[in-house]
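Have a look at work.pdb; it's PDB, C-alpha atoms, pLDDT in the B column:
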```pdb
MODEL        1
ATOM      1  CA  GLU A 792      -2.457 -30.321  14.817  1.00 41.00           C
ATOM      2  CA  TYR A 793      -4.607 -33.421  15.099  1.00 40.00           C
ATOM      3  CA  TYR A 794      -7.035 -35.229  12.824  1.00 41.00           C
ATOM      4  CA  ALA A 795     -10.681 -36.003  13.457  1.00 45.00           C
ATOM      5  CA  PRO A 796     -11.491 -39.592  14.522  1.00 46.00           C
ATOM      6  CA  THR A 797     -12.285 -41.995  11.673  1.00 48.00           C
ATOM      7  CA  SER A 798     -15.826 -43.131  10.923  1.00 48.00           C
ATOM      8  CA  TYR A 799     -14.884 -46.699  11.812  1.00 46.00           C
ATOM      9  CA  ASN A 800     -13.619 -45.735  15.253  1.00 49.00           C
ATOM     10  CA  CYS A 801     -16.704 -43.602  15.915  1.00 48.00           C
ATOM     11  CA  ASN A 802     -19.042 -46.422  14.897  1.00 54.00           C
ATOM     12  CA  LEU A 803     -17.223 -49.022  16.971  1.00 48.00           C
ATOM     13  CA  THR A 804     -17.040 -46.798  20.052  1.00 48.00           C
ATOM     14  CA  MET A 805     -20.687 -45.754  19.919  1.00 52.00           C
ATOM     15  CA  LYS A 806     -21.921 -49.314  19.429  1.00 53.00           C
ATOM     16  CA  PHE A 807     -20.097 -50.517  22.526  1.00 49.00           C
ATOM     17  CA  PHE A 808     -21.368 -47.520  24.472  1.00 52.00           C
ATOM     18  CA  TRP A 809     -25.025 -47.831  23.504  1.00 51.00           C
ATOM     19  CA  HIS A 810     -25.147 -51.605  23.932  1.00 54.00           C
ATOM     20  CA  GLY A 811     -23.888 -51.168  27.464  1.00 55.00           C
ATOM     21  CA  TYR A 812     -26.234 -48.236  28.053  1.00 54.00           C
ATOM     22  CA  LEU A 813     -29.248 -50.308  26.959  1.00 51.00           C
ATOM     23  CA  LEU A 814     -28.373 -53.116  29.364  1.00 48.00           C
ATOM     24  CA  VAL A 815     -28.082 -50.727  32.309  1.00 48.00           C
ATOM     25  CA  THR A 816     -31.349 -49.001  31.342  1.00 51.00           C
ATOM     26  CA  LEU A 817     -33.258 -52.277  31.168  1.00 44.00           C
ATOM     27  CA  MET A 818     -31.911 -53.343  34.538  1.00 47.00           C
ATOM     28  CA  THR A 819     -33.108 -50.041  35.978  1.00 48.00           C
ATOM     29  CA  LEU A 820     -36.606 -50.389  34.498  1.00 48.00           C
ATOM     30  CA  GLY A 821     -37.184 -53.745  36.135  1.00 50.00           C
ATOM     31  CA  SER A 822     -37.286 -57.448  35.425  1.00 47.00           C
ATOM     32  CA  ASP A 823     -40.485 -57.359  33.327  1.00 51.00           C
ATOM     33  CA  THR A 824     -39.053 -54.908  30.823  1.00 47.00           C
ATOM     34  CA  ALA A 825     -35.738 -56.772  30.712  1.00 45.00           C
ATOM     35  CA  THR A 826     -37.577 -60.028  30.001  1.00 48.00           C
ATOM     36  CA  ALA A 827     -39.457 -58.397  27.138  1.00 48.00           C
ATOM     37  CA  PHE A 828     -36.198 -57.289  25.493  1.00 48.00           C
ATOM     38  CA  THR A 829     -34.355 -60.578  26.047  1.00 48.00           C
ATOM     39  CA  PRO A 830     -34.869 -61.852  22.462  1.00 50.00           C
ATOM     40  CA  ILE A 831     -33.484 -58.610  21.087  1.00 50.00           C
ATOM     41  CA  LEU A 832     -30.464 -58.639  23.356  1.00 46.00           C
ATOM     42  CA  ALA A 833     -29.670 -62.188  22.273  1.00 48.00           C
ATOM     43  CA  LYS A 834     -29.026 -61.006  18.717  1.00 51.00           C
ATOM     44  CA  LYS A 835     -26.316 -58.368  18.130  1.00 50.00           C
ATOM     45  CA  ARG A 836     -27.755 -57.346  14.778  1.00 51.00           C
ATOM     46  CA  SER A 837     -31.195 -56.846  16.276  1.00 51.00           C
ATOM     47  CA  VAL A 838     -29.698 -54.628  18.976  1.00 49.00           C
ATOM     48  CA  SER A 839     -28.015 -52.465  16.367  1.00 50.00           C
ATOM     49  CA  LEU A 840     -31.226 -52.151  14.368  1.00 52.00           C
ATOM     50  CA  ALA A 841     -33.268 -51.325  17.442  1.00 53.00           C
ATOM     51  CA  LEU A 842     -30.824 -48.625  18.449  1.00 50.00           C
ATOM     52  CA  ALA A 843     -30.223 -47.235  14.964  1.00 52.00           C
ATOM     53  CA  PRO A 844     -32.512 -44.170  15.167  1.00 54.00           C
ATOM     54  CA  LEU A 845     -31.273 -43.144  18.599  1.00 51.00           C
ATOM     55  CA  TYR A 846     -27.642 -43.889  17.775  1.00 50.00           C
ATOM     56  CA  GLY A 847     -27.827 -41.931  14.529  1.00 56.00           C
ATOM     57  CA  GLY A 848     -29.088 -38.808  16.284  1.00 58.00           C
ATOM     58  CA  ILE A 849     -26.475 -38.973  19.028  1.00 52.00           C
ATOM     59  CA  ARG A 850     -23.713 -39.718  16.521  1.00 53.00           C
ATOM     60  CA  GLU A 851     -24.641 -36.644  14.484  1.00 59.00           C
ATOM     61  CA  ARG A 852     -24.862 -34.460  17.574  1.00 58.00           C
ATOM     62  CA  ILE A 853     -21.443 -35.487  18.950  1.00 54.00           C
ATOM     63  CA  PHE A 854     -19.347 -36.407  15.921  1.00 54.00           C
ATOM     64  CA  GLY A 855     -21.191 -34.742  13.038  1.00 61.00           C
ATOM     65  CA  SER A 856     -18.911 -31.742  12.584  1.00 58.00           C
ATOM     66  CA  TRP A 857     -15.750 -33.878  12.901  1.00 49.00           C
ATOM     67  CA  LEU A 858     -16.953 -36.401  10.339  1.00 52.00           C
ATOM     68  CA  ARG A 859     -17.926 -33.695   7.866  1.00 57.00           C
ATOM     69  CA  ARG A 860     -14.434 -32.175   8.151  1.00 53.00           C
ATOM     70  CA  GLU A 861     -12.874 -35.608   7.704  1.00 49.00           C
ATOM     71  CA  LYS A 862     -14.993 -36.296   4.645  1.00 51.00           C
ATOM     72  CA  LYS A 863     -13.841 -33.048   3.052  1.00 52.00           C
ATOM     73  CA  GLY A 864     -10.227 -33.806   3.903  1.00 51.00           C
ATOM     74  CA  LEU A 865      -9.930 -30.889   6.319  1.00 47.00           C
ATOM     75  CA  VAL A 866      -7.648 -30.875   9.350  1.00 45.00           C
ATOM     76  CA  VAL A 867      -9.076 -29.830  12.699  1.00 46.00           C
ATOM     77  CA  PRO A 868      -6.772 -27.135  14.162  1.00 45.00           C
ATOM     78  CA  SER A 869      -5.098 -27.829  17.481  1.00 50.00           C
ATOM     79  CA  PRO A 870      -6.823 -26.185  20.456  1.00 49.00           C
ATOM     80  CA  SER A 871      -3.588 -24.549  21.626  1.00 47.00           C
ATOM     81  CA  THR A 872      -1.289 -22.698  19.258  1.00 53.00           C
ATOM     82  CA  SER A 873       2.036 -21.191  20.267  1.00 55.00           C
ATOM     83  CA  PRO A 874       3.045 -17.749  18.972  1.00 65.00           C
ATOM     84  CA  SER A 875       5.296 -17.602  15.949  1.00 78.00           C
ATOM     85  CA  PRO A 876       8.990 -17.542  16.891  1.00 82.00           C
ATOM     86  CA  LYS A 877      10.813 -14.259  16.396  1.00 89.00           C
ATOM     87  CA  GLU A 878      14.124 -14.273  14.575  1.00 91.00           C
ATOM     88  CA  ILE A 879      16.858 -11.657  14.709  1.00 95.00           C
ATOM     89  CA  THR A 880      19.889 -10.980  12.551  1.00 96.00           C
ATOM     90  CA  GLN A 881      23.422 -10.295  13.741  1.00 97.00           C
ATOM     91  CA  GLU A 882      23.137  -6.722  12.475  1.00 97.00           C
ATOM     92  CA  GLN A 883      20.059  -6.228  14.622  1.00 97.00           C
ATOM     93  CA  VAL A 884      21.919  -7.583  17.651  1.00 98.00           C
ATOM     94  CA  ILE A 885      24.653  -5.007  17.035  1.00 98.00           C
ATOM     95  CA  ASP A 886      21.951  -2.323  16.885  1.00 98.00           C
ATOM     96  CA  LEU A 887      20.655  -3.487  20.284  1.00 98.00           C
ATOM     97  CA  PHE A 888      24.133  -3.008  21.713  1.00 98.00           C
ATOM     98  CA  ARG A 889      24.361   0.472  20.180  1.00 98.00           C
ATOM     99  CA  ASP A 890      20.988   1.402  21.700  1.00 98.00           C
ATOM    100  CA  TRP A 891      22.223   0.263  25.105  1.00 98.00           C
ATOM    101  CA  ASN A 892      25.447   2.247  24.675  1.00 98.00           C
ATOM    102  CA  ASP A 893      23.491   5.353  23.660  1.00 97.00           C
ATOM    103  CA  SER A 894      21.328   5.009  26.759  1.00 98.00           C
ATOM    104  CA  LEU A 895      24.457   5.240  28.928  1.00 97.00           C
ATOM    105  CA  GLY A 896      25.164   8.659  27.431  1.00 94.00           C
ATOM    106  CA  SER A 897      21.672   9.905  28.227  1.00 95.00           C
ATOM    107  CA  GLY A 898      22.593  10.472  31.866  1.00 94.00           C
ATOM    108  CA  ASN A 899      19.281   8.858  32.881  1.00 97.00           C
ATOM    109  CA  SER A 900      19.366   5.470  34.580  1.00 97.00           C
ATOM    110  CA  ASP A 901      15.672   4.950  33.749  1.00 97.00           C
ATOM    111  CA  VAL A 902      16.527   4.999  30.052  1.00 98.00           C
ATOM    112  CA  VAL A 903      19.233   2.390  30.609  1.00 98.00           C
ATOM    113  CA  ALA A 904      16.970   0.168  32.716  1.00 98.00           C
ATOM    114  CA  GLU A 905      14.356   0.118  29.962  1.00 97.00           C
ATOM    115  CA  LYS A 906      16.782  -1.885  27.826  1.00 97.00           C
ATOM    116  CA  TYR A 907      16.521  -4.754  30.320  1.00 97.00           C
ATOM    117  CA  ALA A 908      13.667  -7.224  30.775  1.00 95.00           C
ATOM    118  CA  ASP A 909      11.557  -7.107  33.934  1.00 93.00           C
ATOM    119  CA  ASN A 910      13.196 -10.201  35.444  1.00 94.00           C
ATOM    120  CA  SER A 911      16.685  -9.626  34.009  1.00 97.00           C
ATOM    121  CA  ILE A 912      19.956 -10.195  35.849  1.00 97.00           C
ATOM    122  CA  LEU A 913      23.021  -7.949  35.779  1.00 98.00           C
ATOM    123  CA  ILE A 914      26.389  -9.136  37.116  1.00 96.00           C
ATOM    124  CA  PRO A 915      28.458  -5.917  37.179  1.00 94.00           C
ATOM    125  CA  THR A 916      32.213  -5.701  36.834  1.00 89.00           C
ATOM    126  CA  SER A 917      32.786  -3.950  40.157  1.00 83.00           C
ATOM    127  CA  MET A 918      30.302  -5.861  42.353  1.00 85.00           C
ATOM    128  CA  ASN A 919      30.192  -9.375  43.757  1.00 82.00           C
ATOM    129  CA  GLN A 920      26.415  -9.496  44.114  1.00 90.00           C
ATOM    130  CA  PRO A 921      24.169  -9.689  41.025  1.00 95.00           C
ATOM    131  CA  ARG A 922      21.470  -7.136  40.396  1.00 97.00           C
ATOM    132  CA  LYS A 923      18.112  -8.819  39.857  1.00 97.00           C
ATOM    133  CA  GLY A 924      15.165  -7.054  38.265  1.00 97.00           C
ATOM    134  CA  ARG A 925      14.824  -3.769  36.452  1.00 96.00           C
ATOM    135  CA  ALA A 926      14.522  -1.646  39.605  1.00 96.00           C
ATOM    136  CA  SER A 927      17.787  -2.960  41.040  1.00 97.00           C
ATOM    137  CA  ILE A 928      19.547  -2.509  37.705  1.00 97.00           C
ATOM    138  CA  ARG A 929      18.307   1.066  37.452  1.00 97.00           C
ATOM    139  CA  GLU A 930      19.717   1.778  40.902  1.00 96.00           C
ATOM    140  CA  TYR A 931      23.121   0.422  39.880  1.00 96.00           C
ATOM    141  CA  PHE A 932      23.325   2.591  36.763  1.00 97.00           C
ATOM    142  CA  GLU A 933      22.490   5.778  38.659  1.00 96.00           C
ATOM    143  CA  GLY A 934      26.156   6.134  39.554  1.00 94.00           C
ATOM    144  CA  VAL A 935      27.461   4.803  36.237  1.00 96.00           C
ATOM    145  CA  VAL A 936      25.664   7.288  33.960  1.00 97.00           C
ATOM    146  CA  LYS A 937      27.058  10.216  35.978  1.00 96.00           C
ATOM    147  CA  ARG A 938      30.484   9.372  34.593  1.00 96.00           C
ATOM    148  CA  SER A 939      29.299   9.780  30.975  1.00 95.00           C
ATOM    149  CA  PRO A 940      30.636   6.422  29.745  1.00 97.00           C
ATOM    150  CA  THR A 941      30.874   5.099  26.201  1.00 97.00           C
ATOM    151  CA  VAL A 942      31.452   1.433  25.399  1.00 98.00           C
ATOM    152  CA  THR A 943      32.995  -0.090  22.284  1.00 98.00           C
ATOM    153  CA  ILE A 944      33.327  -3.759  21.371  1.00 98.00           C
ATOM    154  CA  VAL A 945      36.945  -4.929  21.023  1.00 97.00           C
ATOM    155  CA  ASP A 946      36.084  -8.503  20.071  1.00 97.00           C
ATOM    156  CA  GLY A 947      32.657 -10.093  19.943  1.00 97.00           C
ATOM    157  CA  THR A 948      30.761 -13.159  18.773  1.00 98.00           C
ATOM    158  CA  ILE A 949      27.028 -13.221  18.106  1.00 98.00           C
ATOM    159  CA  THR A 950      24.774 -16.290  18.113  1.00 98.00           C
ATOM    160  CA  THR A 951      21.068 -16.074  17.284  1.00 97.00           C
ATOM    161  CA  GLY A 952      18.030 -18.319  17.514  1.00 94.00           C
ATOM    162  CA  HIS A 953      14.261 -18.202  17.808  1.00 91.00           C
ATOM    163  CA  ASN A 954      13.329 -15.553  20.406  1.00 93.00           C
ATOM    164  CA  TRP A 955      16.905 -15.264  21.718  1.00 96.00           C
ATOM    165  CA  ALA A 956      20.369 -13.964  20.860  1.00 98.00           C
ATOM    166  CA  ILE A 957      23.757 -13.926  22.603  1.00 98.00           C
ATOM    167  CA  ASN A 958      26.521 -11.366  22.184  1.00 98.00           C
ATOM    168  CA  VAL A 959      29.725 -12.328  24.000  1.00 98.00           C
ATOM    169  CA  GLY A 960      33.266 -10.952  23.910  1.00 98.00           C
ATOM    170  CA  VAL A 961      35.439  -8.130  25.236  1.00 98.00           C
ATOM    171  CA  TYR A 962      34.418  -4.482  25.409  1.00 98.00           C
ATOM    172  CA  GLU A 963      36.148  -1.288  26.494  1.00 97.00           C
ATOM    173  CA  TRP A 964      34.663   1.407  28.715  1.00 97.00           C
ATOM    174  CA  THR A 965      35.753   5.020  28.364  1.00 97.00           C
ATOM    175  CA  PHE A 966      34.613   7.369  31.137  1.00 97.00           C
ATOM    176  CA  GLY A 967      34.019  10.951  30.099  1.00 95.00           C
ATOM    177  CA  ASP A 968      34.527  12.454  33.572  1.00 94.00           C
ATOM    178  CA  ASP A 969      38.234  11.575  33.778  1.00 94.00           C
ATOM    179  CA  GLY A 970      39.080   9.948  30.418  1.00 94.00           C
ATOM    180  CA  SER A 971      39.983   6.600  32.030  1.00 96.00           C
ATOM    181  CA  GLN A 972      39.519   3.353  30.122  1.00 96.00           C
ATOM    182  CA  LYS A 973      38.864  -0.193  31.223  1.00 95.00           C
ATOM    183  CA  GLN A 974      38.396  -3.433  29.329  1.00 96.00           C
ATOM    184  CA  ALA A 975      36.181  -6.274  30.524  1.00 97.00           C
ATOM    185  CA  ARG A 976      34.631  -9.491  29.326  1.00 97.00           C
ATOM    186  CA  TYR A 977      30.918  -9.273  28.581  1.00 98.00           C
ATOM    187  CA  THR A 978      27.878 -11.412  27.820  1.00 98.00           C
ATOM    188  CA  PHE A 979      24.533 -10.040  26.658  1.00 98.00           C
ATOM    189  CA  VAL A 980      21.603 -12.452  26.384  1.00 98.00           C
ATOM    190  CA  TYR A 981      18.631 -10.963  24.541  1.00 98.00           C
ATOM    191  CA  VAL A 982      15.092 -12.357  24.525  1.00 97.00           C
ATOM    192  CA  CYS A 983      11.949 -11.333  22.695  1.00 93.00           C
ATOM    193  CA  THR A 984       9.305 -10.525  25.311  1.00 83.00           C
ATOM    194  CA  GLU A 985       5.857 -12.119  24.879  1.00 78.00           C
ATOM    195  CA  ASP A 986       3.811  -9.077  25.923  1.00 74.00           C
ATOM    196  CA  ASP A 987       5.103  -6.379  23.573  1.00 68.00           C
ATOM    197  CA  GLU A 988       7.393  -8.522  21.370  1.00 83.00           C
ATOM    198  CA  GLU A 989      10.393  -6.270  22.012  1.00 93.00           C
ATOM    199  CA  TRP A 990      13.963  -7.446  22.323  1.00 96.00           C
ATOM    200  CA  LYS A 991      15.294  -6.921  25.831  1.00 97.00           C
ATOM    201  CA  ILE A 992      18.435  -7.834  27.767  1.00 98.00           C
ATOM    202  CA  SER A 993      17.697 -10.887  29.885  1.00 97.00           C
ATOM    203  CA  HIS A 994      21.220 -11.440  31.241  1.00 98.00           C
ATOM    204  CA  HIS A 995      24.214  -9.101  31.291  1.00 98.00           C
ATOM    205  CA  HIS A 996      27.504 -10.325  32.705  1.00 97.00           C
ATOM    206  CA  SER A 997      30.566  -8.093  32.902  1.00 97.00           C
ATOM    207  CA  SER A 998      33.854  -9.130  34.509  1.00 95.00           C
ATOM    208  CA  GLY A 999      37.405  -7.811  34.511  1.00 91.00           C
ATOM    209  CA  LEU A1000      40.071  -9.385  32.363  1.00 91.00           C
ATOM    210  CA  PRO A1001      42.464 -11.738  34.174  1.00 87.00           C
ATOM    211  CA  GLN A1002      45.853 -10.219  34.985  1.00 78.00           C
ATOM    212  CA  GLY A1003      49.029 -11.550  33.447  1.00 60.00           C
TER     213      GLY A1003
ENDMDL
END
```
Rewrite the structure from the file as structure tokens, please.
Amino acid sequence: EYYAPTSYNCNLTMKFFWHGYLLVTLMTLGSDTATAFTPILAKKRSVSLALAPLYGGIRERIFGSWLRREKKGLVVPSPSTSPSPKEITQEQVIDLFRDWNDSLGSGNSDVVAEKYADNSILIPTSMNQPRKGRASIREYFEGVVKRSPTVTIVDGTITTGHNWAINVGVYEWTFGDDGSQKQARYTFVYVCTEDDEEWKISHHHSSGLPQG
């Protein structure tokens, strides 16, 4: 937010402006006109009085609304306002993880990909190259969902802030096709999207636990 300019600053600025404007105008009109106004220009007070009607009209046109707000003690709102930050609780972050886990059991990689933001990044456990963007992430999960996996958190820590949240720890995958299990380290970074104000996964990192 910002405040309207004070009356003193407006008066001082406009006086300097119009005094200079009068000098340039007289020079443009010619030497005869300038000579006729010489006595007036020699006296600052006379210049102010001569310009008072014109200055008053211009002052009202340019600064009138600001000065009226200032006189009433009102604050002029800032031209640009940022959207209100979105907060999230730790319980809601856990619900986001559960929604993602449920999407794995749907058998549809499109459902899983919808949990990720458009420009999200996935670093899978079994791949060296990251998957960038929702389309690439959907392609990766096409093979994963066929194994009917479920994921449970073994140990996790959640940190939240305005428009973001981080869930980091160790989770365990159980694959329904053969009953095998595998633990891995994970990081989920969630952000609140500006367009639809939904919480999406912005970064998902999964890596195997070190041996030994």
Output check: residues returned by the PyMOL selection byres ((chain A and resi 908-925) around 8), as an MDAnalysis selection string: chainID A and resid 904:907 926:929 931 975 984 991:999
Within 10 Å of file point (23.1, 9.3, 28.2), counting only C-alpha atoms, expressed as a tab-separated table (two decimals) with C-alpha atoms, in the coordinates of the input:
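New file selection_11.tsv:
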```
chain	number	residue	atom	x	y	z
A	891	TRP	CA	22.22	0.26	25.10
A	892	ASN	CA	25.45	2.25	24.68
A	893	ASP	CA	23.49	5.35	23.66
A	894	SER	CA	21.33	5.01	26.76
A	895	LEU	CA	24.46	5.24	28.93
A	896	GLY	CA	25.16	8.66	27.43
A	897	SER	CA	21.67	9.90	28.23
A	898	GLY	CA	22.59	10.47	31.87
A	899	ASN	CA	19.28	8.86	32.88
A	900	SER	CA	19.37	5.47	34.58
A	902	VAL	CA	16.53	5.00	30.05
A	903	VAL	CA	19.23	2.39	30.61
A	936	VAL	CA	25.66	7.29	33.96
A	937	LYS	CA	27.06	10.22	35.98
A	938	ARG	CA	30.48	9.37	34.59
A	939	SER	CA	29.30	9.78	30.98
A	940	PRO	CA	30.64	6.42	29.74
A	941	THR	CA	30.87	5.10	26.20
```
Residues within 8 Å of range 950-964 of chain A, only C-alpha atoms, excluding chain neighbours under 2 positions, as a PyMOL selection string: chain A and resi 876-881+884+940-948+966+972-983
For the selection just defined, write its residues with C-alpha atoms to a file, as an mmCIF file, keeping the file's coordinate frame.
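Written output follows (result.cif):
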```
data_model
loop_
_atom_site.group_PDB
_atom_site.id
_atom_site.type_symbol
_atom_site.label_atom_id
_atom_site.label_comp_id
_atom_site.auth_asym_id
_atom_site.auth_seq_id
_atom_site.Cartn_x
_atom_site.Cartn_y
_atom_site.Cartn_z
ATOM 1 C CA PRO A 876 8.990 -17.542 16.891
ATOM 2 C CA LYS A 877 10.813 -14.259 16.396
ATOM 3 C CA GLU A 878 14.124 -14.273 14.575
ATOM 4 C CA ILE A 879 16.858 -11.657 14.709
ATOM 5 C CA THR A 880 19.889 -10.980 12.551
ATOM 6 C CA GLN A 881 23.422 -10.295 13.741
ATOM 7 C CA VAL A 884 21.919 -7.583 17.651
ATOM 8 C CA PRO A 940 30.636 6.422 29.745
ATOM 9 C CA THR A 941 30.874 5.099 26.201
ATOM 10 C CA VAL A 942 31.452 1.433 25.399
ATOM 11 C CA THR A 943 32.995 -0.090 22.284
ATOM 12 C CA ILE A 944 33.327 -3.759 21.371
ATOM 13 C CA VAL A 945 36.945 -4.929 21.023
ATOM 14 C CA ASP A 946 36.084 -8.503 20.071
ATOM 15 C CA GLY A 947 32.657 -10.093 19.943
ATOM 16 C CA THR A 948 30.761 -13.159 18.773
ATOM 17 C CA PHE A 966 34.613 7.369 31.137
ATOM 18 C CA GLN A 972 39.519 3.353 30.122
ATOM 19 C CA LYS A 973 38.864 -0.193 31.223
ATOM 20 C CA GLN A 974 38.396 -3.433 29.329
ATOM 21 C CA ALA A 975 36.181 -6.274 30.524
ATOM 22 C CA ARG A 976 34.631 -9.491 29.326
ATOM 23 C CA TYR A 977 30.918 -9.273 28.581
ATOM 24 C CA THR A 978 27.878 -11.412 27.820
ATOM 25 C CA PHE A 979 24.533 -10.040 26.658
ATOM 26 C CA VAL A 980 21.603 -12.452 26.384
ATOM 27 C CA TYR A 981 18.631 -10.963 24.541
ATOM 28 C CA VAL A 982 15.092 -12.357 24.525
ATOM 29 C CA CYS A 983 11.949 -11.333 22.695
#
```
Gap from CA of Leu1000 in chain A to CA of Asp968 in chain A - Å, one decimal: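 These two atoms are separated by 22.6 Å.
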Padding 6 Å on every side, please: axis-aligned box over the listed atoms of range 891-909 of chain A, centre and edge lengths to one decimal in Å, as AutoDock Vina command-line options.
```
--center_x 18.5 --center_y 1.6 --center_z 29.1 --size_x 25.9 --size_y 29.7 --size_z 22.9
```
Distance of CA of Asp886 in chain A from CA of Glu985 in chain A, expressed in Å to one decimal place: 20.5 Å
Length of the CA of Glu933 in chain A to CA of Thr965 in chain A vector [Å]: 16.8 Å
Minimum-distance residue to Trp990 in chain A, chosen among A:Glu930, A:Gly967, A:Ile949, A:Asp890 (using all atoms listed in the file): A:Asp890
